[in-house]
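*Asks:* First, the structure itself, so that you have it in front of you.
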Amino acid sequence: MIDHEILRILERDARTSPAQIAVMTGKSEEEVRQAIKHMEESGIIRRYKTVVDWERAGVERVFAFIDVRVSPSRGVGFDDVARRIYKYPEVHSVYLVSGDYDLRVVVEGENMREVAFFVAEKLATLEGVLSTRSSFLLKKYKDDGDVYEEPEQDDRLAVTP
Amino acid sequence: MRSISKIVQSTPPSGIRRFFDIVSTMEDVLSLGVGEPDFDTPWCIREACIYSLERGHTHYTSNYGMLELRRAISESLYKREGLWYDPEKQLLITVGVSEGMDIAMRAVLNPGDEVIIPEPCFVSYQPCVLFAGGKPVPISTCEENGFIVRPEQIRDAVTANTKAILLGYPANPTGAVAPRDILEEIVNIACKFDLFIISDEIYGRLTYEGKHISIPTLPGAYERTILLDGFSKAYAMTGWRIGFAAGPAEVVEAMMKIHQYTIMCAPTMSQFAAIEAIRNADRECEEMVEQYNQRRRVIVKGLNDIGLPCLMPKGAFYVFPSIKRTGLSSDEFCERLLFEEKVAVVPGNAFGKCGEGYIRCSYATSLDKINQALERIARFVSRL
Ligand SMILES: Cc1ncc(COP(=O)(O)O)c(C=O)c1O
């Protein structure tokens, strides 16, 4: 019931209809519907969303990467600190990473002041947080597999042998 | 001015060329006429080439091509097909299968020697034979046989002058893949009459049902087969102009002699890219094959639903639907479709007489465009 090909198709375009997927994979539409339903129910497919280029839509948004050093203590592990951080809606993502810092947090806001305020007031003051290091995102080249430049043209000759 | 060579004069220009000239005067054409991948070459391959340039690898290589590349090809043929070719003597790096085909013909043909060529087929096969002074002997195949040549057709075409059989499976323009038993019988005929087999397996990696059958793996075939393959289709590297020929040492040496004097060596930067392709781009190749396979099913269903019946091709990236029901000739159909709906497909007769009544549609194009093109074709056909 876990169908990697269907997952790859939906990851490329979540709007591909079950009927079209059925043709593409040589399965019946019913089989495809069942497989998708199963994968949705079991949390393999978490949800469907739209990739938006907000900048093009005229909306300014500021992202910052915050590296956080954590001092875990008895009863307060990395998971607990991470959880206290990711509950904030300003937090876009949180990862536990190897290296000098422990958590990598991506914070989103309307402007730099807002993000800086969030880091200083909320993040840095959390129990267990030893230090933070922030870098603001200046330009997005590629995000989650999508390249944010002009789409490349098909420059092939229109008819070839 | 004195007149140009008779052979060149008498060779008709490619039917595709004429059609291309019309298409290129128009704008916003949705093209199913393209015979090359829509994917760009995987980045690791492009990057390896750039690095080779940065390091200053900008010189001639051995006439045979870089030994490192020949070794990589030899290993990959062994791993993939169980075939062993000595990288020192039995492999030649060519400027695509296009050059491989040309020099294979020139290496084996004497004036007047005949080459049996099942049609419909790739547009270069006959001209390559002609330019080498040989005589092409086309054999018609039909839809009822899946556009696969029957062994008895080949046997009937053999004469005292027959020198070689040219096979190209998976086929451009039909996507046909010949089953093992038929290929074995053809090899038997080649053995019986002592013929070369020239096998164009450029679409071998683009096989969707079962595994590709490489001709030299068949009993009796290895010592008489010139295997031509390349990087253009499997790794989306058409512009790099790189491929290879594998075969008996004497034949490869003869081909090398021509190559030495006319080409010197395949482009060095492309050879570096090809090494990277073989070593590190198989995953990319498989991803492309999965997408071609999905589009294949979509376009076949779409065309059949429209009422342009077509077989399910087992390889390459072409479908070859019949348009006989419309009452139009291939040329008329393609021209009208182009002018009325701005969709470019290629008339089947460009690939041989028996291609009349068919059109070639390439699915090396995004699913979106395939679906749009299908809609337009449906509209066009419903108006006829
Ligand atoms: C059947 C066939 N053989 C050979 C070629 C030429 O390949 P290359 O780019 O390796 O010269 C093509 C390209 O369209 C082809 O379709």
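All residue names refer to the structure tokens as shown: chains lettered A, B, ... in order, residues numbered from 1 in each chain, ligands numbered from 1 in order.
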Kindly provide, as JSON, numbers by chain, all nucleotide and amino acid residues lying within 8 Å of ligand 1, counting only C-alpha atoms and all ligand atoms.
*Replies:* {"A": [160, 161], "B": [35, 36, 95, 96, 97, 98, 99, 100, 101, 121, 122, 124, 168, 169, 170, 171, 172, 173, 200, 201, 202, 203, 229, 230, 231, 232, 233, 237, 238, 239, 241, 242, 243]}
*Asks:* With N, CA and C atoms retained, could you export that selection as an mmCIF file, in the first residue's frame?
*Replies:*
data_model
loop_
_atom_site.group_PDB
_atom_site.id
_atom_site.type_symbol
_atom_site.label_atom_id
_atom_site.label_comp_id
_atom_site.auth_asym_id
_atom_site.auth_seq_id
_atom_site.Cartn_x
_atom_site.Cartn_y
_atom_site.Cartn_z
ATOM 1 N N THR A 160 13.244 17.452 -34.409
ATOM 2 C CA THR A 160 14.539 16.817 -34.666
ATOM 3 C C THR A 160 14.330 15.322 -34.891
ATOM 4 N N PRO A 161 15.306 14.678 -35.553
ATOM 5 C CA PRO A 161 15.119 13.251 -35.858
ATOM 6 C C PRO A 161 15.044 12.384 -34.606
ATOM 7 N N GLY B 35 13.207 14.895 -30.993
ATOM 8 C CA GLY B 35 13.836 13.587 -30.808
ATOM 9 C C GLY B 35 14.941 13.590 -29.783
ATOM 10 N N GLU B 36 14.806 14.409 -28.755
ATOM 11 C CA GLU B 36 15.822 14.402 -27.708
ATOM 12 C C GLU B 36 15.165 14.694 -26.361
ATOM 13 N N VAL B 95 31.872 10.303 -31.907
ATOM 14 C CA VAL B 95 31.077 11.526 -31.811
ATOM 15 C C VAL B 95 29.601 11.121 -31.952
ATOM 16 N N GLY B 96 29.092 10.516 -30.895
ATOM 17 C CA GLY B 96 27.723 10.026 -30.902
ATOM 18 C C GLY B 96 27.580 8.753 -31.712
ATOM 19 N N VAL B 97 26.387 8.172 -31.602
ATOM 20 C CA VAL B 97 26.090 7.009 -32.444
ATOM 21 C C VAL B 97 26.109 7.444 -33.911
ATOM 22 N N SER B 98 25.831 8.708 -34.158
ATOM 23 C CA SER B 98 25.824 9.202 -35.539
ATOM 24 C C SER B 98 27.154 8.900 -36.224
ATOM 25 N N GLU B 99 28.252 9.252 -35.575
ATOM 26 C CA GLU B 99 29.553 8.943 -36.179
ATOM 27 C C GLU B 99 29.795 7.438 -36.185
ATOM 28 N N GLY B 100 29.429 6.779 -35.078
ATOM 29 C CA GLY B 100 29.622 5.333 -35.008
ATOM 30 C C GLY B 100 28.975 4.622 -36.184
ATOM 31 N N MET B 101 27.749 5.054 -36.513
ATOM 32 C CA MET B 101 27.023 4.434 -37.629
ATOM 33 C C MET B 101 27.776 4.674 -38.941
ATOM 34 N N CYS B 121 12.471 3.464 -39.702
ATOM 35 C CA CYS B 121 13.689 3.526 -38.895
ATOM 36 C C CYS B 121 14.246 4.948 -38.851
ATOM 37 N N PHE B 122 15.240 5.099 -38.028
ATOM 38 C CA PHE B 122 15.930 6.374 -37.857
ATOM 39 C C PHE B 122 16.410 6.892 -39.216
ATOM 40 N N SER B 124 18.934 8.402 -40.409
ATOM 41 C CA SER B 124 20.325 8.371 -40.884
ATOM 42 C C SER B 124 20.765 7.031 -41.438
ATOM 43 N N GLY B 168 17.845 -1.637 -34.884
ATOM 44 C CA GLY B 168 17.781 -0.503 -33.960
ATOM 45 C C GLY B 168 16.609 -0.659 -33.008
ATOM 46 N N TYR B 169 16.791 -1.431 -31.954
ATOM 47 C CA TYR B 169 15.753 -1.634 -30.936
ATOM 48 C C TYR B 169 16.311 -1.263 -29.578
ATOM 49 N N PRO B 170 15.533 -0.538 -28.786
ATOM 50 C CA PRO B 170 14.227 0.077 -29.042
ATOM 51 C C PRO B 170 14.311 1.055 -30.215
ATOM 52 N N ALA B 171 13.199 1.137 -30.979
ATOM 53 C CA ALA B 171 13.242 1.816 -32.263
ATOM 54 C C ALA B 171 12.750 3.254 -32.197
ATOM 55 N N ASN B 172 13.434 4.097 -32.918
ATOM 56 C CA ASN B 172 12.935 5.404 -33.318
ATOM 57 C C ASN B 172 12.463 5.184 -34.749
ATOM 58 N N PRO B 173 11.236 5.426 -35.112
ATOM 59 C CA PRO B 173 10.159 6.197 -34.491
ATOM 60 C C PRO B 173 9.068 5.395 -33.786
ATOM 61 N N ASP B 200 22.139 -0.588 -33.216
ATOM 62 C CA ASP B 200 22.027 0.754 -32.621
ATOM 63 C C ASP B 200 21.195 0.627 -31.352
ATOM 64 N N GLU B 201 21.857 0.652 -30.197
ATOM 65 C CA GLU B 201 21.143 0.453 -28.933
ATOM 66 C C GLU B 201 21.116 1.722 -28.092
ATOM 67 N N ILE B 202 21.028 2.854 -28.790
ATOM 68 C CA ILE B 202 21.058 4.134 -28.084
ATOM 69 C C ILE B 202 19.893 4.298 -27.107
ATOM 70 N N TYR B 203 18.763 3.615 -27.395
ATOM 71 C CA TYR B 203 17.623 3.711 -26.482
ATOM 72 C C TYR B 203 17.543 2.539 -25.504
ATOM 73 N N ASP B 229 26.343 2.591 -29.160
ATOM 74 C CA ASP B 229 25.557 3.130 -28.054
ATOM 75 C C ASP B 229 26.133 4.491 -27.690
ATOM 76 N N GLY B 230 25.464 5.189 -26.797
ATOM 77 C CA GLY B 230 25.959 6.519 -26.472
ATOM 78 C C GLY B 230 25.296 7.088 -25.253
ATOM 79 N N PHE B 231 25.535 8.343 -25.043
ATOM 80 C CA PHE B 231 25.110 9.015 -23.825
ATOM 81 C C PHE B 231 23.938 9.956 -24.070
ATOM 82 N N SER B 232 23.643 10.208 -25.355
ATOM 83 C CA SER B 232 22.656 11.230 -25.705
ATOM 84 C C SER B 232 21.317 11.048 -25.006
ATOM 85 N N LYS B 233 20.778 9.846 -25.067
ATOM 86 C CA LYS B 233 19.407 9.660 -24.592
ATOM 87 C C LYS B 233 19.368 9.264 -23.134
ATOM 88 N N MET B 237 22.242 13.868 -22.973
ATOM 89 C CA MET B 237 23.500 14.511 -23.360
ATOM 90 C C MET B 237 23.620 14.698 -24.872
ATOM 91 N N THR B 238 22.497 15.027 -25.522
ATOM 92 C CA THR B 238 22.530 15.087 -26.996
ATOM 93 C C THR B 238 23.553 16.085 -27.522
ATOM 94 N N GLY B 239 23.671 17.231 -26.856
ATOM 95 C CA GLY B 239 24.553 18.264 -27.389
ATOM 96 C C GLY B 239 26.036 17.986 -27.175
ATOM 97 N N ARG B 241 27.669 15.319 -28.030
ATOM 98 C CA ARG B 241 28.186 14.543 -29.137
ATOM 99 C C ARG B 241 29.168 13.478 -28.694
ATOM 100 N N ILE B 242 28.662 12.530 -27.937
ATOM 101 C CA ILE B 242 29.558 11.468 -27.492
ATOM 102 C C ILE B 242 28.843 10.114 -27.394
ATOM 103 N N GLY B 243 29.526 9.101 -27.886
ATOM 104 C CA GLY B 243 28.992 7.742 -27.860
ATOM 105 C C GLY B 243 30.147 6.773 -27.990
#
*Asks:* Where does DSSP see helix (DSSP H, G or I) in range 58-155 of chain A, if you list the residues as number ranges by chain?
*Replies:* A: 78-86, 112-123
*Asks:* Would you mind listing, for every residue of chain B within 8 Å of chain A, the two atoms forming the shortest contact and the distance between them in Å to one decimal, using only C-alpha atoms, sorted by chain and ascending residue number, as a tab-separated table?
*Replies:*
residue	atom	partner	partner_atom	distance
B:Ile16	CA	A:Pro161	CA	6.6
B:Arg17	CA	A:Thr160	CA	7.9
B:Phe19	CA	A:Val159	CA	7.5
B:Phe20	CA	A:Val159	CA	5.3
B:Val23	CA	A:Ala158	CA	7.1
B:Ser24	CA	A:Ala158	CA	7.1
B:Ser31	CA	A:Ala158	CA	5.9
B:Leu32	CA	A:Val159	CA	7.9
B:Gly33	CA	A:Val159	CA	4.6
B:Val34	CA	A:Val159	CA	4.8
B:Gly35	CA	A:Thr160	CA	5.1
B:Glu36	CA	A:Thr160	CA	7.5
B:Asp38	CA	A:Asp154	CA	7.4
B:Phe122	CA	A:Pro161	CA	7.2
B:Val123	CA	A:Pro161	CA	6.8
B:Asn293	CA	A:Met24	CA	7.5
B:Gln294	CA	A:Met24	CA	4.1
B:Arg295	CA	A:Met24	CA	6.3
B:Arg296	CA	A:Met24	CA	7.6
B:Arg297	CA	A:Met24	CA	5.4
B:Val298	CA	A:Met24	CA	5.6
B:Lys301	CA	A:Val23	CA	7.5
B:Ala344	CA	A:Val159	CA	7.5
B:Val345	CA	A:Val159	CA	7.9
B:Val346	CA	A:Val159	CA	7.6
*Asks:* Name all residues at most 9 Å from range 136-145 of chain A (count only C-alpha atoms; drop same-chain ones fewer than 2 positions away) and give them as number ranges by chain.
*Replies:* A: 62-66, 112, 134, 147-149
*Asks:* Using all heavy atoms, can you export the residues from the last selection as a short mmCIF file (atom, residue, chain, number, x, y, z; two decimals), in the first residue's frame?
*Replies:*
data_model
loop_
_atom_site.label_atom_id
_atom_site.label_comp_id
_atom_site.auth_asym_id
_atom_site.auth_seq_id
_atom_site.Cartn_x
_atom_site.Cartn_y
_atom_site.Cartn_z
N VAL A 62 10.72 38.27 6.31
CA VAL A 62 12.12 38.18 6.73
C VAL A 62 12.34 36.82 7.39
O VAL A 62 11.54 36.38 8.21
CB VAL A 62 12.47 39.31 7.71
CG1 VAL A 62 13.87 39.12 8.25
CG2 VAL A 62 12.31 40.65 7.02
N PHE A 63 13.40 36.15 6.96
CA PHE A 63 13.76 34.88 7.59
C PHE A 63 15.12 35.01 8.22
O PHE A 63 16.00 35.70 7.70
CB PHE A 63 13.83 33.77 6.54
CG PHE A 63 12.49 33.35 6.03
CD1 PHE A 63 11.91 33.97 4.93
CD2 PHE A 63 11.80 32.30 6.65
CE1 PHE A 63 10.67 33.58 4.46
CE2 PHE A 63 10.56 31.90 6.18
CZ PHE A 63 9.99 32.55 5.07
N ALA A 64 15.29 34.33 9.35
CA ALA A 64 16.62 34.29 9.97
C ALA A 64 16.90 32.87 10.44
O ALA A 64 15.98 32.15 10.86
CB ALA A 64 16.69 35.25 11.13
N PHE A 65 18.16 32.50 10.31
CA PHE A 65 18.59 31.20 10.83
C PHE A 65 19.24 31.46 12.18
O PHE A 65 20.18 32.26 12.28
CB PHE A 65 19.60 30.55 9.88
CG PHE A 65 19.04 30.34 8.51
CD1 PHE A 65 19.26 31.26 7.50
CD2 PHE A 65 18.26 29.23 8.26
CE1 PHE A 65 18.72 31.07 6.25
CE2 PHE A 65 17.71 29.03 7.00
CZ PHE A 65 17.93 29.96 5.99
N ILE A 66 18.71 30.83 13.21
CA ILE A 66 19.24 31.05 14.55
C ILE A 66 19.86 29.74 15.04
O ILE A 66 19.17 28.72 15.14
CB ILE A 66 18.12 31.45 15.54
CG1 ILE A 66 17.11 32.40 14.89
CG2 ILE A 66 18.73 32.00 16.82
CD1 ILE A 66 17.65 33.75 14.54
N MET A 112 13.01 42.92 10.16
CA MET A 112 14.16 42.49 10.93
C MET A 112 13.97 42.79 12.42
O MET A 112 14.37 42.00 13.26
CB MET A 112 15.44 43.16 10.41
CG MET A 112 16.02 42.42 9.23
SD MET A 112 17.30 43.36 8.42
CE MET A 112 18.74 42.82 9.27
N SER A 134 22.66 34.53 15.12
CA SER A 134 21.63 34.73 14.08
C SER A 134 22.25 35.13 12.75
O SER A 134 23.19 35.90 12.71
CB SER A 134 20.67 35.86 14.48
OG SER A 134 20.27 35.70 15.81
N VAL A 147 13.97 25.99 -7.46
CA VAL A 147 14.90 27.06 -7.78
C VAL A 147 14.12 28.35 -7.99
O VAL A 147 13.15 28.38 -8.74
CB VAL A 147 15.72 26.71 -9.04
CG1 VAL A 147 16.57 27.90 -9.47
CG2 VAL A 147 16.61 25.50 -8.78
N TYR A 148 14.55 29.43 -7.28
CA TYR A 148 13.81 30.69 -7.31
C TYR A 148 14.38 31.70 -8.30
O TYR A 148 14.55 32.84 -7.99
CB TYR A 148 13.78 31.30 -5.91
CG TYR A 148 12.70 30.69 -5.05
CD1 TYR A 148 12.81 29.39 -4.60
CD2 TYR A 148 11.55 31.41 -4.73
CE1 TYR A 148 11.82 28.82 -3.83
CE2 TYR A 148 10.56 30.85 -3.96
CZ TYR A 148 10.69 29.55 -3.51
OH TYR A 148 9.71 28.99 -2.76
N GLU A 149 14.74 31.24 -9.48
CA GLU A 149 15.15 32.18 -10.51
C GLU A 149 14.20 31.98 -11.68
O GLU A 149 13.32 31.14 -11.62
CB GLU A 149 16.62 31.95 -10.88
CG GLU A 149 17.53 32.51 -9.80
CD GLU A 149 19.00 32.17 -10.01
OE1 GLU A 149 19.30 31.02 -10.31
OE2 GLU A 149 19.82 33.06 -9.86
#
*Asks:* Give me, as an mmCIF file with C-alpha atoms, in the first residue's frame, all polymer residues having an atom no more than 9 Å from range 79-93 of chain A, counting only C-alpha atoms and skipping those fewer than 5 positions away in the same chain.
*Replies:*
data_model
loop_
_atom_site.group_PDB
_atom_site.id
_atom_site.type_symbol
_atom_site.label_atom_id
_atom_site.label_comp_id
_atom_site.auth_asym_id
_atom_site.auth_seq_id
_atom_site.Cartn_x
_atom_site.Cartn_y
_atom_site.Cartn_z
ATOM 1 C CA PHE A 63 13.755 34.878 7.588
ATOM 2 C CA VAL A 70 21.568 24.297 24.617
ATOM 3 C CA PRO A 72 20.472 19.947 28.619
ATOM 4 C CA LEU A 103 19.525 23.484 17.395
ATOM 5 C CA ARG A 104 19.044 25.260 14.118
ATOM 6 C CA VAL A 105 15.912 27.366 14.179
ATOM 7 C CA VAL A 106 14.406 29.215 11.261
ATOM 8 C CA VAL A 107 12.390 32.221 12.357
ATOM 9 C CA GLU A 108 10.034 34.193 10.185
ATOM 10 C CA GLY A 109 8.792 37.717 10.642
ATOM 11 C CA VAL A 115 12.725 38.824 14.262
ATOM 12 C CA PHE A 118 11.768 37.534 19.028
ATOM 13 C CA LYS A 122 11.853 34.774 23.576
ATOM 14 C CA LEU A 123 14.599 32.471 22.381
ATOM 15 C CA LEU A 126 14.553 30.261 27.480
ATOM 16 C CA GLU A 127 15.761 28.004 30.230
ATOM 17 C CA GLY A 128 18.543 25.787 28.952
ATOM 18 C CA VAL A 129 19.538 28.111 26.105
#
*Asks:* Near Glu88 in chain B, within 10 Å and counting only C-alpha atoms, which residues show up once chain neighbours fewer than 2 positions away are dropped, as a list of chain:residue names?
*Replies:* B:Tyr64, B:Gly65, B:Leu67, B:Arg70, B:Arg71, B:Ser74, B:Tyr85, B:Asp86, B:Gln90, B:Leu91, B:Leu92, B:Ala249
*Asks:* Write the residues of the selection above to a file with all heavy atoms, as a short mmCIF file (atom, residue, chain, number, x, y, z; two decimals), in the first residue's frame.
*Replies:*
data_model
loop_
_atom_site.label_atom_id
_atom_site.label_comp_id
_atom_site.auth_asym_id
_atom_site.auth_seq_id
_atom_site.Cartn_x
_atom_site.Cartn_y
_atom_site.Cartn_z
N TYR B 64 41.39 6.35 -29.85
CA TYR B 64 40.34 5.46 -29.35
C TYR B 64 39.46 6.16 -28.30
O TYR B 64 38.39 5.67 -27.97
CB TYR B 64 40.95 4.23 -28.69
CG TYR B 64 41.38 3.15 -29.67
CD1 TYR B 64 42.71 2.98 -30.02
CD2 TYR B 64 40.44 2.28 -30.23
CE1 TYR B 64 43.11 1.96 -30.89
CE2 TYR B 64 40.82 1.27 -31.09
CZ TYR B 64 42.15 1.12 -31.43
OH TYR B 64 42.51 0.13 -32.29
N GLY B 65 39.94 7.26 -27.77
CA GLY B 65 39.26 7.91 -26.64
C GLY B 65 40.05 7.62 -25.37
O GLY B 65 40.91 6.74 -25.35
N LEU B 67 41.44 6.17 -22.13
CA LEU B 67 41.39 4.79 -21.63
C LEU B 67 40.48 4.70 -20.40
O LEU B 67 39.75 3.73 -20.21
CB LEU B 67 42.80 4.31 -21.31
CG LEU B 67 42.90 2.82 -20.93
CD1 LEU B 67 42.34 1.93 -22.03
CD2 LEU B 67 44.34 2.45 -20.63
N ARG B 70 37.05 4.33 -21.65
CA ARG B 70 36.84 3.00 -22.23
C ARG B 70 36.73 1.95 -21.14
O ARG B 70 35.91 1.04 -21.22
CB ARG B 70 37.98 2.67 -23.21
CG ARG B 70 37.83 3.43 -24.54
CD ARG B 70 38.94 3.09 -25.49
NE ARG B 70 40.13 3.90 -25.24
CZ ARG B 70 41.38 3.45 -25.34
NH1 ARG B 70 41.62 2.18 -25.66
NH2 ARG B 70 42.40 4.26 -25.13
N ARG B 71 37.56 2.09 -20.10
CA ARG B 71 37.48 1.13 -18.98
C ARG B 71 36.12 1.25 -18.28
O ARG B 71 35.52 0.24 -17.94
CB ARG B 71 38.60 1.41 -17.97
CG ARG B 71 39.95 0.97 -18.44
CD ARG B 71 40.86 0.65 -17.24
NE ARG B 71 42.15 0.19 -17.72
CZ ARG B 71 43.30 0.86 -17.58
NH1 ARG B 71 43.31 2.00 -16.94
NH2 ARG B 71 44.42 0.35 -18.05
N SER B 74 33.59 -0.40 -20.46
CA SER B 74 33.78 -1.84 -20.42
C SER B 74 33.19 -2.43 -19.13
O SER B 74 32.45 -3.41 -19.16
CB SER B 74 35.28 -2.15 -20.53
OG SER B 74 35.51 -3.52 -20.34
N TYR B 85 34.23 -6.50 -23.26
CA TYR B 85 34.97 -5.87 -24.35
C TYR B 85 36.29 -5.35 -23.80
O TYR B 85 36.30 -4.64 -22.79
CB TYR B 85 34.16 -4.72 -24.96
CG TYR B 85 32.99 -5.18 -25.80
CD1 TYR B 85 31.70 -5.16 -25.27
CD2 TYR B 85 33.17 -5.62 -27.10
CE1 TYR B 85 30.61 -5.58 -26.03
CE2 TYR B 85 32.09 -6.05 -27.86
CZ TYR B 85 30.82 -6.03 -27.33
OH TYR B 85 29.76 -6.44 -28.07
N ASP B 86 37.35 -5.71 -24.45
CA ASP B 86 38.68 -5.27 -24.04
C ASP B 86 38.79 -3.76 -24.26
O ASP B 86 38.71 -3.30 -25.41
CB ASP B 86 39.73 -6.02 -24.88
CG ASP B 86 41.15 -5.64 -24.48
OD1 ASP B 86 41.32 -4.64 -23.73
OD2 ASP B 86 42.08 -6.33 -24.92
N GLN B 90 38.75 -3.12 -28.14
CA GLN B 90 37.41 -3.40 -28.65
C GLN B 90 36.43 -2.26 -28.43
O GLN B 90 35.24 -2.41 -28.67
CB GLN B 90 36.87 -4.67 -28.00
CG GLN B 90 37.61 -5.93 -28.41
CD GLN B 90 36.90 -7.16 -27.89
OE1 GLN B 90 37.11 -7.54 -26.74
NE2 GLN B 90 36.06 -7.75 -28.71
N LEU B 91 36.91 -1.14 -27.95
CA LEU B 91 36.02 -0.01 -27.71
C LEU B 91 36.59 1.24 -28.36
O LEU B 91 37.79 1.51 -28.26
CB LEU B 91 35.87 0.23 -26.20
CG LEU B 91 34.96 -0.72 -25.44
CD1 LEU B 91 35.12 -0.52 -23.95
CD2 LEU B 91 33.51 -0.51 -25.83
N LEU B 92 35.69 1.98 -29.00
CA LEU B 92 36.11 3.23 -29.63
C LEU B 92 35.12 4.31 -29.22
O LEU B 92 33.90 4.13 -29.36
CB LEU B 92 36.08 3.04 -31.17
CG LEU B 92 36.34 4.29 -32.02
CD1 LEU B 92 37.78 4.77 -31.85
CD2 LEU B 92 36.07 3.97 -33.50
N ALA B 249 37.82 -6.88 -32.36
CA ALA B 249 38.98 -5.99 -32.40
C ALA B 249 39.31 -5.53 -33.83
O ALA B 249 39.62 -4.35 -34.03
CB ALA B 249 40.18 -6.67 -31.75
#
*Asks:* DSSP on the backbone: which residues in range 104-201 of chain B end up as strand (DSSP E)? Give the answer as JSON, numbers by chain.
*Replies:* {"B": [114, 115, 116, 117, 118, 119, 135, 136, 137, 138, 139, 140, 162, 163, 164, 165, 166, 167, 196, 197, 198, 199, 200]}
*Asks:* What would the file look like if the residues just selected were written as a tab-separated table (two decimals), in the first residue's frame with N, CA, C and O atoms?
*Replies:*
chain	number	residue	atom	x	y	z
B	114	GLU	N	25.28	-4.87	-49.80
B	114	GLU	CA	23.92	-4.56	-49.35
B	114	GLU	C	23.78	-4.63	-47.83
B	114	GLU	O	24.38	-5.49	-47.18
B	115	VAL	N	22.98	-3.69	-47.31
B	115	VAL	CA	22.68	-3.69	-45.88
B	115	VAL	C	21.16	-3.76	-45.71
B	115	VAL	O	20.44	-2.92	-46.25
B	116	ILE	N	20.72	-4.76	-44.98
B	116	ILE	CA	19.29	-4.93	-44.76
B	116	ILE	C	18.85	-4.04	-43.60
B	116	ILE	O	19.44	-4.07	-42.52
B	117	ILE	N	17.83	-3.21	-43.87
B	117	ILE	CA	17.39	-2.24	-42.86
B	117	ILE	C	15.87	-2.31	-42.68
B	117	ILE	O	15.12	-1.89	-43.55
B	118	PRO	N	15.41	-2.84	-41.55
B	118	PRO	CA	13.97	-2.83	-41.31
B	118	PRO	C	13.47	-1.40	-41.11
B	118	PRO	O	14.12	-0.59	-40.43
B	119	GLU	N	12.35	-1.09	-41.72
B	119	GLU	CA	11.74	0.24	-41.59
B	119	GLU	C	10.38	0.10	-40.91
B	119	GLU	O	9.84	-1.00	-40.89
B	135	LYS	N	24.52	-0.38	-50.57
B	135	LYS	CA	23.15	-0.30	-51.07
B	135	LYS	C	22.19	-0.68	-49.95
B	135	LYS	O	22.20	-1.82	-49.48
B	136	PRO	N	21.37	0.27	-49.51
B	136	PRO	CA	20.40	-0.07	-48.47
B	136	PRO	C	19.28	-0.94	-49.04
B	136	PRO	O	18.80	-0.67	-50.14
B	137	VAL	N	18.91	-1.95	-48.29
B	137	VAL	CA	17.79	-2.80	-48.69
B	137	VAL	C	16.72	-2.69	-47.60
B	137	VAL	O	16.77	-3.39	-46.60
B	138	PRO	N	15.79	-1.72	-47.79
B	138	PRO	CA	14.79	-1.51	-46.74
B	138	PRO	C	13.76	-2.64	-46.71
B	138	PRO	O	13.39	-3.17	-47.77
B	139	ILE	N	13.33	-3.00	-45.54
B	139	ILE	CA	12.26	-3.98	-45.38
B	139	ILE	C	11.12	-3.30	-44.64
B	139	ILE	O	11.34	-2.68	-43.59
B	140	SER	N	9.92	-3.44	-45.19
B	140	SER	CA	8.76	-2.82	-44.55
B	140	SER	C	8.28	-3.67	-43.39
B	140	SER	O	8.20	-4.90	-43.51
B	162	THR	N	24.70	-9.36	-49.81
B	162	THR	CA	24.35	-8.86	-48.47
B	162	THR	C	25.56	-8.93	-47.55
B	162	THR	O	26.23	-9.95	-47.46
B	163	LYS	N	25.81	-7.83	-46.87
B	163	LYS	CA	26.97	-7.77	-45.99
B	163	LYS	C	26.58	-7.62	-44.53
B	163	LYS	O	27.28	-8.10	-43.65
B	164	ALA	N	25.48	-6.95	-44.29
B	164	ALA	CA	25.14	-6.64	-42.90
B	164	ALA	C	23.65	-6.46	-42.71
B	164	ALA	O	22.91	-6.16	-43.65
B	165	ILE	N	23.23	-6.64	-41.46
B	165	ILE	CA	21.86	-6.34	-41.06
B	165	ILE	C	21.95	-5.21	-40.03
B	165	ILE	O	22.76	-5.27	-39.12
B	166	LEU	N	21.12	-4.20	-40.21
B	166	LEU	CA	21.12	-3.09	-39.27
B	166	LEU	C	19.89	-3.19	-38.38
B	166	LEU	O	18.76	-3.22	-38.88
B	167	LEU	N	20.09	-3.27	-37.09
B	167	LEU	CA	18.97	-3.35	-36.16
B	167	LEU	C	19.00	-2.14	-35.22
B	167	LEU	O	20.08	-1.69	-34.83
B	196	PHE	N	27.46	-9.27	-40.95
B	196	PHE	CA	27.63	-8.41	-39.77
B	196	PHE	C	26.25	-8.00	-39.25
B	196	PHE	O	25.30	-7.89	-40.03
B	197	ILE	N	26.20	-7.75	-37.95
B	197	ILE	CA	25.00	-7.10	-37.40
B	197	ILE	C	25.47	-5.77	-36.82
B	197	ILE	O	26.43	-5.73	-36.05
B	198	ILE	N	24.82	-4.72	-37.25
B	198	ILE	CA	25.13	-3.42	-36.68
B	198	ILE	C	23.94	-3.04	-35.82
B	198	ILE	O	22.82	-2.93	-36.32
B	199	SER	N	24.18	-2.94	-34.52
B	199	SER	CA	23.06	-2.78	-33.60
B	199	SER	C	23.12	-1.42	-32.91
B	199	SER	O	24.04	-1.13	-32.15
B	200	ASP	N	22.14	-0.59	-33.22
B	200	ASP	CA	22.03	0.75	-32.62
B	200	ASP	C	21.20	0.63	-31.35
B	200	ASP	O	19.97	0.50	-31.42
*Asks:* So, counting only C-alpha atoms, which residue among B:Arg155, B:Arg205, B:Arg336, B:Arg379 is closest to Val289 in chain B?
*Replies:*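 Among B:Arg155, B:Arg205, B:Arg336, B:Arg379, it is B:Arg205 that comes nearest to Val289 in chain B.
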*Asks:* Hey, what's within 12 Å of Gly99 in chain A if we count only C-alpha atoms and toss same-chain stuff fewer than 2 positions away? As a ChimeraX atom specification, please?
*Replies:* /A:67-69,96-97,101-104
